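coords.json follows; it contains JSON, C-alpha atoms.
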[["chain", "number", "residue", "atom", "x", "y", "z"],
["J", 265, "MET", "CA", 12.63, 32.59, 110.91],
["J", 266, "LYS", "CA", 16.31, 33.09, 110.12],
["J", 267, "THR", "CA", 17.00, 29.38, 110.66],
["J", 268, "LEU", "CA", 14.59, 28.25, 107.95],
["J", 269, "ASN", "CA", 15.87, 27.51, 104.49],
["J", 270, "LYS", "CA", 14.44, 29.28, 101.43],
["J", 271, "ALA", "CA", 12.22, 26.38, 100.41],
["J", 272, "LEU", "CA", 10.51, 26.28, 103.80],
["J", 273, "ILE", "CA", 10.12, 30.06, 103.83],
["J", 274, "SER", "CA", 8.53, 30.00, 100.37],
["J", 275, "ALA", "CA", 6.14, 27.22, 101.37],
["J", 276, "PHE", "CA", 5.17, 29.07, 104.56],
["J", 277, "ILE", "CA", 4.42, 32.32, 102.73],
["J", 278, "LEU", "CA", 2.55, 30.57, 99.94],
["J", 279, "SER", "CA", 0.26, 28.77, 102.39],
["J", 280, "SER", "CA", -0.28, 31.99, 104.39],
["J", 281, "LEU", "CA", -1.24, 34.01, 101.32],
["J", 282, "LEU", "CA", -3.60, 31.31, 100.06],
["J", 283, "ALA", "CA", -5.22, 31.09, 103.48],
["J", 284, "SER", "CA", -5.88, 34.83, 103.46],
["J", 285, "ASN", "CA", -7.24, 34.78, 99.89],
["J", 286, "GLU", "CA", -4.62, 37.29, 98.72],
["J", 287, "THR", "CA", -3.63, 37.40, 95.08],
["J", 288, "ILE", "CA", -0.07, 36.27, 94.43],
["J", 289, "SER", "CA", 2.01, 36.62, 91.31],
["J", 290, "ALA", "CA", 3.16, 33.46, 89.59],
["J", 291, "THR", "CA", 5.68, 35.33, 87.46],
["J", 292, "SER", "CA", 8.69, 34.93, 89.74],
["J", 293, "ALA", "CA", 9.72, 32.72, 92.63],
["J", 294, "ASN", "CA", 11.70, 35.68, 93.95],
["J", 295, "ASP", "CA", 8.43, 37.31, 95.01],
["J", 296, "PHE", "CA", 8.43, 34.91, 97.96],
["J", 297, "THR", "CA", 12.00, 35.85, 98.92],
["J", 298, "ILE", "CA", 11.13, 39.52, 99.23],
["J", 299, "ALA", "CA", 7.96, 38.74, 101.18],
["J", 300, "ALA", "CA", 10.06, 36.62, 103.50],
["J", 301, "SER", "CA", 12.48, 39.49, 104.10],
["J", 302, "HIS", "CA", 9.54, 41.58, 105.27],
["J", 303, "LEU", "CA", 7.82, 38.87, 107.29],
["J", 304, "SER", "CA", 11.13, 37.98, 108.94],
["J", 305, "LEU", "CA", 11.52, 41.47, 110.37],
["J", 306, "ALA", "CA", 11.52, 41.20, 114.14],
["J", 307, "GLU", "CA", 7.95, 41.36, 115.40],
["J", 308, "GLY", "CA", 7.14, 44.61, 117.16],
["J", 309, "VAL", "CA", 10.71, 45.95, 117.05],
["J", 310, "LEU", "CA", 11.11, 49.43, 115.57],
["J", 311, "LEU", "CA", 13.68, 49.93, 112.83],
["J", 312, "GLY", "CA", 16.90, 51.88, 113.32],
["J", 313, "ASP", "CA", 19.16, 52.88, 116.21],
["J", 314, "LEU", "CA", 17.25, 55.65, 117.92],
["J", 315, "GLN", "CA", 19.85, 55.97, 120.69],
["J", 316, "LYS", "CA", 22.46, 57.50, 118.37],
["J", 317, "LEU", "CA", 20.42, 60.64, 117.64],
["J", 318, "ASP", "CA", 21.81, 63.84, 119.17],
["J", 319, "PRO", "CA", 19.38, 66.73, 119.83],
["J", 320, "LYS", "CA", 22.29, 69.20, 119.62],
["J", 321, "LYS", "CA", 23.02, 68.30, 115.99],
["J", 322, "LYS", "CA", 21.48, 69.53, 112.76],
["J", 323, "PRO", "CA", 19.27, 67.05, 110.83],
["J", 324, "SER", "CA", 22.06, 66.22, 108.37],
["J", 325, "GLU", "CA", 24.41, 65.39, 111.24],
["J", 326, "ASN", "CA", 22.00, 62.73, 112.51],
["J", 327, "PHE", "CA", 20.85, 61.49, 109.08],
["J", 328, "ASP", "CA", 22.60, 60.98, 105.74],
["J", 329, "LEU", "CA", 20.80, 63.57, 103.61],
["J", 330, "LEU", "CA", 23.22, 63.79, 100.68],
["J", 331, "ASP", "CA", 20.93, 61.68, 98.51],
["J", 332, "TRP", "CA", 17.82, 63.73, 99.27],
["J", 333, "SER", "CA", 16.45, 67.15, 98.36],
["J", 334, "LEU", "CA", 13.85, 68.92, 100.48],
["J", 335, "THR", "CA", 10.65, 70.55, 99.25],
["J", 336, "LEU", "CA", 9.24, 73.29, 101.49],
["J", 337, "PRO", "CA", 5.78, 74.93, 101.56],
["J", 338, "THR", "CA", 7.43, 78.35, 101.04],
["J", 339, "ASP", "CA", 8.03, 80.55, 97.99],
["J", 340, "LEU", "CA", 10.85, 82.86, 99.03],
["J", 341, "ASN", "CA", 11.90, 83.72, 95.47],
["J", 342, "LYS", "CA", 8.31, 84.48, 94.40],
["J", 343, "ASP", "CA", 8.35, 82.13, 91.39],
["J", 344, "LYS", "CA", 4.95, 80.69, 92.35],
["J", 345, "LYS", "CA", 6.50, 77.30, 93.14],
["J", 346, "ALA", "CA", 7.49, 75.59, 96.37],
["J", 347, "ASP", "CA", 11.13, 76.14, 97.36],
["J", 348, "THR", "CA", 13.62, 73.27, 97.04],
["J", 349, "VAL", "CA", 16.78, 72.75, 99.07],
["J", 350, "TYR", "CA", 19.12, 70.53, 97.05],
["J", 351, "GLU", "CA", 21.45, 67.81, 98.28],
["J", 352, "LYS", "CA", 24.61, 69.70, 99.20],
["J", 353, "PRO", "CA", 23.11, 72.56, 101.23],
["J", 354, "LEU", "CA", 20.69, 70.11, 102.81],
["J", 355, "SER", "CA", 23.54, 67.80, 103.82],
["J", 356, "GLU", "CA", 25.62, 70.70, 105.15],
["J", 357, "GLY", "CA", 23.40, 71.63, 108.06],
["J", 358, "PHE", "CA", 20.28, 73.23, 106.61],
["J", 359, "GLU", "CA", 17.36, 73.73, 108.97],
["J", 360, "LEU", "CA", 14.40, 76.07, 109.02],
["J", 361, "LYS", "CA", 12.22, 76.25, 112.10],
["J", 362, "PRO", "CA", 9.35, 75.58, 112.44],
["J", 363, "LEU", "CA", 9.26, 73.55, 109.20],
["J", 364, "PHE", "CA", 12.42, 71.41, 109.32],
["J", 365, "TYR", "CA", 14.72, 71.01, 112.32],
["J", 366, "THR", "CA", 16.03, 68.71, 115.05],
["J", 367, "ALA", "CA", 13.66, 67.88, 117.91],
["J", 368, "ASP", "CA", 14.59, 67.83, 121.58],
["J", 369, "ASP", "CA", 14.92, 64.04, 121.36],
["J", 370, "GLY", "CA", 17.14, 64.14, 118.25],
["J", 371, "GLY", "CA", 14.46, 63.28, 115.71],
["J", 372, "MET", "CA", 14.11, 65.07, 112.36],
["J", 373, "VAL", "CA", 10.97, 67.23, 112.38],
["J", 374, "PHE", "CA", 8.84, 67.92, 109.30],
["J", 375, "ALA", "CA", 5.93, 70.37, 109.61],
["J", 376, "CYS", "CA", 3.62, 71.74, 106.92],
["J", 377, "PRO", "CA", 0.65, 74.11, 107.07],
["J", 378, "ASN", "CA", -2.60, 73.28, 105.31],
["J", 379, "VAL", "CA", -2.12, 76.22, 102.96],
["J", 380, "GLY", "CA", 1.33, 76.77, 101.48],
["J", 381, "ALA", "CA", 3.34, 76.92, 98.28],
["J", 382, "LYS", "CA", 2.92, 73.92, 95.98],
["J", 383, "THR", "CA", 5.30, 72.20, 93.58],
["J", 384, "SER", "CA", 3.18, 72.83, 90.48],
["J", 385, "SER", "CA", -0.21, 74.03, 89.30],
["J", 386, "ASN", "CA", -1.34, 70.39, 89.12],
["J", 387, "THR", "CA", -0.66, 69.79, 92.83],
["J", 388, "LYS", "CA", -3.47, 70.41, 95.32],
["J", 389, "TYR", "CA", -1.48, 70.19, 98.56],
["J", 390, "ALA", "CA", 1.61, 71.59, 100.26],
["J", 391, "ARG", "CA", 4.45, 69.53, 101.69],
["J", 392, "THR", "CA", 7.66, 69.47, 103.70],
["J", 393, "GLU", "CA", 9.07, 66.36, 102.12],
["J", 394, "LEU", "CA", 12.33, 64.73, 101.08],
["J", 395, "ARG", "CA", 12.82, 63.60, 97.49],
["J", 396, "GLU", "CA", 15.33, 60.85, 96.79],
["J", 397, "MET", "CA", 18.34, 62.06, 94.74],
["J", 398, "LEU", "CA", 20.59, 59.15, 93.83],
["J", 399, "ARG", "CA", 23.04, 61.53, 92.14],
["J", 400, "ARG", "CA", 24.19, 62.67, 95.63],
["J", 401, "GLY", "CA", 25.04, 66.22, 94.64],
["J", 402, "ASN", "CA", 26.36, 65.54, 91.14],
["J", 403, "THR", "CA", 24.62, 68.47, 89.43],
["J", 404, "ARG", "CA", 25.83, 67.37, 86.00],
["J", 405, "MET", "CA", 23.18, 64.65, 86.21],
["J", 406, "LYS", "CA", 19.60, 65.56, 85.31],
["J", 407, "THR", "CA", 17.11, 65.19, 88.14],
["J", 408, "GLN", "CA", 14.21, 64.02, 85.95],
["J", 409, "GLY", "CA", 14.06, 61.16, 83.47],
["J", 410, "ILE", "CA", 15.76, 57.80, 83.29],
["J", 411, "THR", "CA", 19.11, 58.97, 84.59],
["J", 412, "GLY", "CA", 21.46, 57.99, 87.39],
["J", 413, "ASN", "CA", 19.27, 60.06, 89.72],
["J", 414, "ASN", "CA", 16.25, 57.75, 89.54],
["J", 415, "TRP", "CA", 15.41, 54.03, 89.45],
["J", 416, "VAL", "CA", 13.27, 51.70, 87.37],
["J", 417, "LEU", "CA", 11.48, 48.37, 87.67],
["J", 418, "SER", "CA", 13.22, 45.09, 86.92],
["J", 419, "SER", "CA", 10.81, 44.57, 84.00],
["J", 420, "ALA", "CA", 11.91, 47.83, 82.32],
["J", 421, "HIS", "CA", 13.77, 47.65, 79.03],
["J", 422, "GLY", "CA", 17.42, 46.67, 79.30],
["J", 423, "SER", "CA", 18.65, 50.08, 78.15],
["J", 424, "ASP", "CA", 16.51, 51.78, 80.81],
["J", 425, "ARG", "CA", 17.91, 49.52, 83.52],
["J", 426, "LYS", "CA", 21.41, 50.36, 82.31],
["J", 427, "ASN", "CA", 20.82, 54.13, 82.27],
["J", 428, "ALA", "CA", 18.98, 54.33, 85.60],
["J", 429, "GLY", "CA", 20.69, 54.84, 88.93],
["J", 430, "ALA", "CA", 19.24, 51.61, 90.30],
["J", 431, "VAL", "CA", 16.75, 48.83, 89.69],
["J", 432, "GLU", "CA", 14.04, 48.74, 92.36],
["J", 433, "GLY", "CA", 14.88, 49.04, 96.07],
["J", 434, "SER", "CA", 13.50, 49.68, 99.54],
["J", 435, "LEU", "CA", 12.74, 52.51, 101.94],
["J", 436, "GLU", "CA", 12.37, 52.16, 105.68],
["J", 437, "ALA", "CA", 11.54, 54.70, 108.33],
["J", 438, "THR", "CA", 10.70, 55.06, 111.99],
["J", 439, "LEU", "CA", 8.59, 58.06, 112.93],
["J", 440, "ALA", "CA", 5.87, 59.54, 115.08],
["J", 441, "VAL", "CA", 3.08, 61.70, 113.71],
["J", 442, "ASN", "CA", 2.85, 64.57, 116.18],
["J", 443, "ARG", "CA", -0.06, 66.50, 114.74],
["J", 444, "VAL", "CA", -2.67, 66.23, 111.97],
["J", 445, "SER", "CA", -5.01, 68.86, 110.60],
["J", 446, "THR", "CA", -8.20, 69.41, 112.58],
["J", 447, "THR", "CA", -10.13, 71.98, 110.54],
["J", 448, "GLY", "CA", -11.59, 72.24, 107.05],
["J", 449, "ASP", "CA", -13.40, 69.77, 104.78],
["J", 450, "GLU", "CA", -14.24, 66.63, 106.78],
["J", 451, "LYS", "CA", -13.04, 64.47, 103.88],
["J", 452, "MET", "CA", -9.56, 66.02, 104.17],
["J", 453, "VAL", "CA", -9.19, 66.49, 107.93],
["J", 454, "GLY", "CA", -6.50, 64.42, 109.63],
["J", 455, "ARG", "CA", -4.79, 63.11, 106.47],
["J", 456, "VAL", "CA", -1.05, 63.16, 105.84],
["J", 457, "ILE", "CA", 1.20, 61.17, 103.50],
["J", 458, "ILE", "CA", 4.35, 59.98, 105.28],
["J", 459, "GLY", "CA", 6.08, 58.02, 102.50],
["J", 460, "GLN", "CA", 5.86, 57.60, 98.73],
["J", 461, "ILE", "CA", 7.22, 56.11, 95.59],
["J", 462, "HIS", "CA", 6.73, 58.69, 92.87],
["J", 463, "GLY", "CA", 6.75, 57.72, 89.21],
["J", 464, "THR", "CA", 7.07, 59.93, 86.15],
["J", 465, "ASP", "CA", 3.55, 61.30, 86.68],
["J", 466, "ASP", "CA", 1.77, 58.94, 89.07],
["J", 467, "GLU", "CA", 2.55, 57.24, 92.39],
["J", 468, "PRO", "CA", 3.09, 53.50, 92.77],
["J", 469, "ILE", "CA", 2.51, 54.08, 96.50],
["J", 470, "ARG", "CA", 1.30, 56.84, 98.78],
["J", 471, "LEU", "CA", 1.45, 55.79, 102.44],
["J", 472, "TYR", "CA", -1.08, 57.63, 104.63],
["J", 473, "TYR", "CA", -1.60, 58.23, 108.33],
["J", 474, "ARG", "CA", -5.03, 59.57, 109.28],
["J", 475, "LYS", "CA", -6.56, 60.48, 112.63],
["J", 476, "LEU", "CA", -10.01, 62.00, 112.87],
["J", 477, "PRO", "CA", -10.70, 64.84, 115.37],
["J", 478, "ASN", "CA", -12.93, 62.78, 117.68],
["J", 479, "ASN", "CA", -10.68, 59.69, 117.63],
["J", 480, "THR", "CA", -7.74, 58.94, 119.88],
["J", 481, "LYS", "CA", -6.04, 56.65, 117.36],
["J", 482, "GLY", "CA", -5.18, 56.88, 113.69],
["J", 483, "SER", "CA", -5.22, 54.58, 110.68],
["J", 484, "VAL", "CA", -2.43, 53.66, 108.27],
["J", 485, "TYR", "CA", -3.21, 52.68, 104.68],
["J", 486, "PHE", "CA", -1.77, 53.11, 101.22],
["J", 487, "ALA", "CA", -2.85, 53.84, 97.68],
["J", 488, "HIS", "CA", -1.36, 52.22, 94.60],
["J", 489, "GLU", "CA", -2.07, 54.42, 91.59],
["J", 490, "ILE", "CA", -2.34, 52.60, 88.28],
["J", 491, "ASN", "CA", -0.21, 54.54, 85.79],
["J", 492, "GLY", "CA", -2.71, 56.82, 84.06],
["J", 493, "GLY", "CA", -5.57, 55.16, 85.93],
["J", 494, "ASP", "CA", -7.37, 54.88, 89.24],
["J", 495, "ASP", "CA", -6.12, 54.23, 92.75],
["J", 496, "GLU", "CA", -6.23, 50.86, 94.48],
["J", 497, "TRP", "CA", -6.55, 51.22, 98.26],
["J", 498, "ILE", "CA", -5.06, 48.83, 100.83],
["J", 499, "ASP", "CA", -5.63, 49.13, 104.59],
["J", 500, "LEU", "CA", -2.87, 48.27, 107.07],
["J", 501, "VAL", "CA", -4.55, 49.43, 110.31],
["J", 502, "GLY", "CA", -8.02, 50.96, 110.30],
["J", 503, "SER", "CA", -9.25, 52.53, 107.06],
["J", 504, "ARG", "CA", -9.30, 55.81, 105.12],
["J", 505, "SER", "CA", -12.96, 56.50, 105.97],
["J", 506, "HIS", "CA", -13.74, 60.00, 107.30],
["J", 507, "THR", "CA", -16.52, 58.54, 109.47],
["J", 508, "LEU", "CA", -14.50, 55.74, 111.09],
["J", 509, "PRO", "CA", -14.72, 55.40, 114.90],
["J", 510, "ASP", "CA", -11.46, 54.79, 116.75],
["J", 511, "PRO", "CA", -9.74, 52.07, 114.70],
["J", 512, "GLN", "CA", -9.02, 48.89, 116.59],
["J", 513, "ASP", "CA", -5.28, 48.66, 117.22],
["J", 514, "GLY", "CA", -4.72, 52.12, 115.69],
["J", 515, "ILE", "CA", -1.75, 54.42, 116.24],
["J", 516, "GLU", "CA", -1.93, 57.45, 118.55],
["J", 517, "LEU", "CA", -0.31, 60.81, 117.91],
["J", 518, "ASN", "CA", 3.33, 60.84, 119.14],
["J", 519, "GLU", "CA", 3.43, 57.03, 119.09],
["J", 520, "LYS", "CA", 6.52, 55.77, 117.28],
["J", 521, "PHE", "CA", 6.09, 53.21, 114.49],
["J", 522, "SER", "CA", 8.08, 51.97, 111.50],
["J", 523, "TYR", "CA", 7.36, 51.17, 107.89],
["J", 524, "LYS", "CA", 9.30, 49.33, 105.21],
["J", 525, "ILE", "CA", 8.47, 49.62, 101.50],
["J", 526, "THR", "CA", 10.14, 47.29, 98.99],
["J", 527, "VAL", "CA", 9.79, 46.82, 95.25],
["J", 528, "GLU", "CA", 11.37, 43.82, 93.60],
["J", 529, "ASN", "CA", 10.32, 41.84, 90.53],
["J", 530, "ASP", "CA", 7.50, 44.35, 90.05],
["J", 531, "VAL", "CA", 5.90, 43.45, 93.39],
["J", 532, "LEU", "CA", 5.30, 46.12, 96.02],
["J", 533, "PHE", "CA", 5.60, 45.05, 99.67],
["J", 534, "VAL", "CA", 4.66, 47.23, 102.65],
["J", 535, "THR", "CA", 5.21, 46.34, 106.30],
["J", 536, "LEU", "CA", 3.92, 48.34, 109.28],
["J", 537, "ILE", "CA", 5.75, 47.80, 112.59],
["J", 538, "ARG", "CA", 4.40, 48.88, 115.98],
["J", 539, "GLN", "CA", 6.26, 48.41, 119.21],
["J", 540, "GLY", "CA", 5.28, 45.20, 120.97],
["J", 541, "LYS", "CA", 2.67, 44.22, 118.36],
["J", 542, "GLU", "CA", 2.54, 41.88, 115.40],
["J", 543, "ASN", "CA", 3.83, 43.30, 112.13],
["J", 544, "VAL", "CA", 1.34, 43.91, 109.32],
["J", 545, "THR", "CA", 2.53, 43.13, 105.76],
["J", 546, "LYS", "CA", 0.59, 43.68, 102.54],
["J", 547, "HIS", "CA", 1.66, 43.46, 98.91],
["J", 548, "PHE", "CA", 0.52, 44.50, 95.45],
["J", 549, "ASP", "CA", 1.57, 42.99, 92.12],
["J", 550, "MET", "CA", 2.46, 45.97, 89.89],
["J", 551, "SER", "CA", 3.21, 43.96, 86.75],
["J", 552, "ASN", "CA", 0.03, 45.26, 85.08],
["J", 553, "SER", "CA", 0.19, 48.80, 86.48],
["J", 554, "GLY", "CA", 2.11, 50.35, 83.59],
["J", 555, "TYR", "CA", 5.32, 51.35, 85.37],
["J", 556, "SER", "CA", 7.70, 49.29, 83.25],
["J", 557, "SER", "CA", 7.21, 51.33, 80.06],
["J", 558, "SER", "CA", 10.15, 53.24, 78.60],
["J", 559, "ASP", "CA", 9.11, 56.64, 79.98],
["J", 560, "GLN", "CA", 8.73, 55.55, 83.62],
["J", 561, "TYR", "CA", 11.25, 56.32, 86.36],
["J", 562, "MET", "CA", 10.83, 56.31, 90.14],
["J", 563, "TYR", "CA", 12.14, 57.79, 93.39],
["J", 564, "PHE", "CA", 11.27, 57.54, 97.08],
["J", 565, "LYS", "CA", 9.82, 60.39, 99.14],
["J", 566, "ALA", "CA", 9.46, 60.80, 102.91],
["J", 567, "GLY", "CA", 8.28, 63.52, 105.27],
["J", 568, "VAL", "CA", 4.84, 65.13, 105.53],
["J", 569, "TYR", "CA", 2.71, 65.75, 102.46],
["J", 570, "ASN", "CA", -0.34, 67.50, 103.92],
["J", 571, "GLN", "CA", -3.58, 66.17, 102.43],
["J", 572, "ASN", "CA", -5.72, 69.07, 103.62],
["J", 573, "ASN", "CA", -5.68, 72.40, 101.76],
["J", 574, "GLY", "CA", -8.30, 74.28, 103.77],
["J", 575, "GLY", "CA", -9.29, 75.08, 107.33],
["J", 576, "THR", "CA", -7.92, 77.78, 109.61],
["J", 577, "PRO", "CA", -4.69, 79.61, 108.66],
["J", 578, "LYS", "CA", -2.70, 78.16, 111.57],
["J", 579, "ASP", "CA", -3.67, 74.52, 111.01],
["J", 580, "TYR", "CA", -0.81, 72.16, 110.12],
["J", 581, "VAL", "CA", 0.61, 68.63, 110.19],
["J", 582, "GLN", "CA", 3.85, 67.47, 111.80],
["J", 583, "ALA", "CA", 5.87, 64.26, 112.05],
["J", 584, "THR", "CA", 9.25, 63.44, 113.57],
["J", 585, "PHE", "CA", 11.48, 60.85, 111.88],
["J", 586, "TYR", "CA", 13.94, 58.79, 113.94],
["J", 587, "HIS", "CA", 15.22, 56.49, 111.21],
["J", 588, "LEU", "CA", 15.36, 56.84, 107.43],
["J", 589, "ASP", "CA", 17.18, 54.50, 105.07],
["J", 590, "ASN", "CA", 16.87, 54.00, 101.31],
["J", 591, "GLN", "CA", 18.56, 50.98, 99.71],
["J", 592, "HIS", "CA", 19.03, 49.84, 96.10]]
Let me see the structure of the file written as structure tokens.
Amino acid sequence: MKTLNKALISAFILSSLLASNETISATSANDFTIAASHLSLAEGVLLGDLQKLDPKKKPSENFDLLDWSLTLPTDLNKDKKADTVYEKPLSEGFELKPLFYTADDGGMVFACPNVGAKTSSNTKYARTELREMLRRGNTRMKTQGITGNNWVLSSAHGSDRKNAGAVEGSLEATLAVNRVSTTGDEKMVGRVIIGQIHGTDDEPIRLYYRKLPNNTKGSVYFAHEINGGDDEWIDLVGSRSHTLPDPQDGIELNEKFSYKITVENDVLFVTLIRQGKENVTKHFDMSNSGYSSSDQYMYFKAGVYNQNNGGTPKDYVQATFYHLDNQH
């Protein structure tokens, strides 16, 4: 793929998308370039250098965490909100077993019970999740709003692009989901969000892993939330159904896989990579989703956002990340 010129790549992707009856945006030829960067990822090769991880080190010694904050499902200061660990303490060796720590193989572990402290009264679920902080510890910069801490779409107003920390970008990760919830409402059991783009109020993408109690393999799918509107659902492997039998070519617990999320020219691209298998790439044209208005800013999130808020007190979700990289 690397030896092809851009014209051939564009023609190849165009014919592939037309053959699969997918909708493509005619607004920008660059859409094809970004799709090519995803489709040209090595087939079945996980992202990142997993050999460099040291189980004796703290998470921030294996991963650059200075441009992330961490939300925990705890409320130690009793303010009725989930606790947050900001960039500098997080990057200086913070860990808290059993919620956030280094695994025996060097991976970065995120665990979250079904019932825990939440970020706000509008949030239904608890999380142990990183939130992108482009300010990298510069506390003079506001965390919310169109500031240097967050990014915007390329179709945003020129002043917003100037004031934001970046224009669009990508997030890639390699992880294994170690455990999903097994008790509670059958419509919630087994669900966990492992990556997001969060907007001002809504989410341009929520990337899910789900494994049902009687299945040996799990599904991966994502939701694109129209700003102020409904969700659009896209399956990568399996589906979000709570009655699905073992999904063909699904992902088992503790099986490592990678994802890459990219937004450029208002188009969202998502690639799922499994070792030794063909990559799966899907896209969604966000140009009519309402995220380019003057009040919209975005940031990446990664970790475990438990999508079950019931069941037994000891039920929880857990994932271990082996690679995490955000680029703008």
Could you list, with a cut-off of 12 Å and counting all atoms listed in the file, the residues of region 306-398 of chain J near region 450-474 of chain J, each shown with its nearest atom pair and the distance in Å rounded to one decimal, rows sorted by chain and ascending number, as a Markdown table?
| residue | atom | partner | partner_atom | distance |
| --- | --- | --- | --- | --- |
| J:Phe374 | CA | J:Ile458 | CA | 10.0 |
| J:Ala375 | CA | J:Val456 | CA | 10.7 |
| J:Cys376 | CA | J:Val456 | CA | 9.8 |
| J:Pro377 | CA | J:Val456 | CA | 11.1 |
| J:Asn378 | CA | J:Val453 | CA | 9.8 |
| J:Asn386 | CA | J:Asp465 | CA | 10.6 |
| J:Thr387 | CA | J:Asp465 | CA | 11.3 |
| J:Lys388 | CA | J:Met452 | CA | 11.6 |
| J:Tyr389 | CA | J:Val456 | CA | 10.1 |
| J:Ala390 | CA | J:Val456 | CA | 10.5 |
| J:Arg391 | CA | J:Ile457 | CA | 9.2 |
| J:Thr392 | CA | J:Ile458 | CA | 10.2 |
| J:Glu393 | CA | J:Ile458 | CA | 8.5 |
| J:Leu394 | CA | J:Gly459 | CA | 9.3 |
| J:Arg395 | CA | J:His462 | CA | 9.1 |
| J:Glu396 | CA | J:Ile461 | CA | 9.5 |
Since we have the selection now, will you write its residues out, keeping C-alpha atoms, as a compact mmCIF listing (two decimals), keeping the file's coordinate frame?
# COMPACT_ATOMS: atom_id res chain seq x y z
CA PHE J 374 8.84 67.92 109.30
CA ALA J 375 5.93 70.37 109.61
CA CYS J 376 3.62 71.74 106.92
CA PRO J 377 0.65 74.11 107.07
CA ASN J 378 -2.60 73.28 105.31
CA ASN J 386 -1.34 70.39 89.12
CA THR J 387 -0.66 69.79 92.83
CA LYS J 388 -3.47 70.41 95.32
CA TYR J 389 -1.48 70.19 98.56
CA ALA J 390 1.61 71.59 100.26
CA ARG J 391 4.45 69.53 101.69
CA THR J 392 7.66 69.47 103.70
CA GLU J 393 9.07 66.36 102.12
CA LEU J 394 12.33 64.73 101.08
CA ARG J 395 12.82 63.60 97.49
CA GLU J 396 15.33 60.85 96.79
Could you produce a table of the residues of region 403-496 of chain J lying within 9 Å of region 506-524 of chain J, with the nearest pair of atoms per residue and their separation in Å rounded to one decimal, using all atoms listed in the file, ordered by chain and increasing residue number, as CSV?
residue,atom,partner,partner_atom,distance
J:Ser434,CA,J:Lys524,CA,7.1
J:Leu435,CA,J:Lys524,CA,5.7
J:Glu436,CA,J:Lys524,CA,4.2
J:Ala437,CA,J:Ser522,CA,5.4
J:Thr438,CA,J:Ser522,CA,4.1
J:Leu439,CA,J:Lys520,CA,5.3
J:Ala440,CA,J:Lys520,CA,4.4
J:Val441,CA,J:Leu517,CA,5.5
J:Asn442,CA,J:Asn518,CA,4.8
J:Arg443,CA,J:Leu517,CA,6.5
J:Val444,CA,J:Leu517,CA,8.4
J:Glu450,CA,J:His506,CA,6.7
J:Lys451,CA,J:His506,CA,5.7
J:Met452,CA,J:His506,CA,8.0
J:Val453,CA,J:His506,CA,8.0
J:Gly454,CA,J:His506,CA,8.8
J:Gly459,CA,J:Tyr523,CA,8.8
J:Tyr473,CA,J:Ile515,CA,8.8
J:Arg474,CA,J:His506,CA,8.9
J:Lys475,CA,J:Glu516,CA,8.1
J:Leu476,CA,J:His506,CA,7.0
J:Asn478,CA,J:Pro509,CA,8.1
J:Asn479,CA,J:Asp510,CA,5.0
J:Thr480,CA,J:Glu516,CA,6.1
J:Lys481,CA,J:Glu516,CA,4.4
J:Gly482,CA,J:Ile515,CA,4.9
J:Ser483,CA,J:Gly514,CA,5.6
J:Val484,CA,J:Gly514,CA,7.9
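Between CA of Phe564 (chain J) and CA of Val501 (chain J) lies a distance of 22.2 Å.
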Exercise. Write out as JSON, numbers by chain each polymer residue whose atoms come within 8 Å of region 322-325 of chain J, counting only C-alpha atoms; drop sequence neighbours fewer than 3 positions from it.
Key: {"J": [319, 328, 329, 354, 355, 356, 357, 358, 359, 365, 366, 371, 372]}
Close residues, Ser551 (chain J) itself excluded, 8 Å, all atoms listed in the file, min 5 positions apart in chain, as a PDB file with C-alpha atoms, in the coordinates of the input:
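What landed in result-v7.pdb:
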ATOM      1  CA  ASP J 530       7.500  44.350  90.050  1.00  0.00           C
ATOM      2  CA  VAL J 531       5.900  43.450  93.390  1.00  0.00           C
ATOM      3  CA  SER J 556       7.700  49.290  83.250  1.00  0.00           C
TER       4      SER J 556
END
Practice problem: Find the residue from J:Ser333, J:Thr584, J:Thr407, J:Asn590 that sits nearest to Ile525 (chain J); use only C-alpha atoms when measuring. | Solution: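 Smallest separation from Ile525 (chain J) among the options: J:Asn590.
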Quiz item: Smallest atom-to-atom distance to Lys361 (chain J): which of J:Met397, J:Leu311, J:Ala346, J:Leu336, using only C-alpha atoms?
Solution: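 Selected residue with least distance to Lys361 (chain J): J:Leu336.
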Quiz item: Rounded to one decimal in Å, what is the spacing between CA of Asn341 (chain J) and CA of Pro362 (chain J)?
Solution: 19.0 Å
Quiz item: To one decimal place, how far is CA of Asp368 (chain J) from CA of Lys320 (chain J) in Å?
Solution: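 Computed distance, CA of Asp368 (chain J) to CA of Lys320 (chain J), equals 8.1 Å.
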Practice problem: Name all residues at most 10 Å from Ala420 (chain J) (count only C-alpha atoms; drop same-chain ones fewer than 6 positions away) and give them as a PyMOL selection string. | Solution: chain J and resi 426+431+530+555-561
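The shortest atom-to-atom distance to Met562 (chain J), with all atoms listed in the file taken into account, belongs to J:Arg425 out of J:Lys541, J:His587, J:Arg425, J:Lys382.
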Self-check item: Test item: which residues lie within 12 Å of (27.8, 63.4, 94.1) counting all atoms listed in the file, as a VMD selection string
Solution: chain J and resid 329 to 332 350 to 352 355 397 to 405 412 to 413
Quiz item: From the list J:Gln571, J:Gln315, J:Thr576, J:Ser553, which residue is nearest Glu496 (chain J) when using all atoms listed in the file?
Solution: J:Ser553
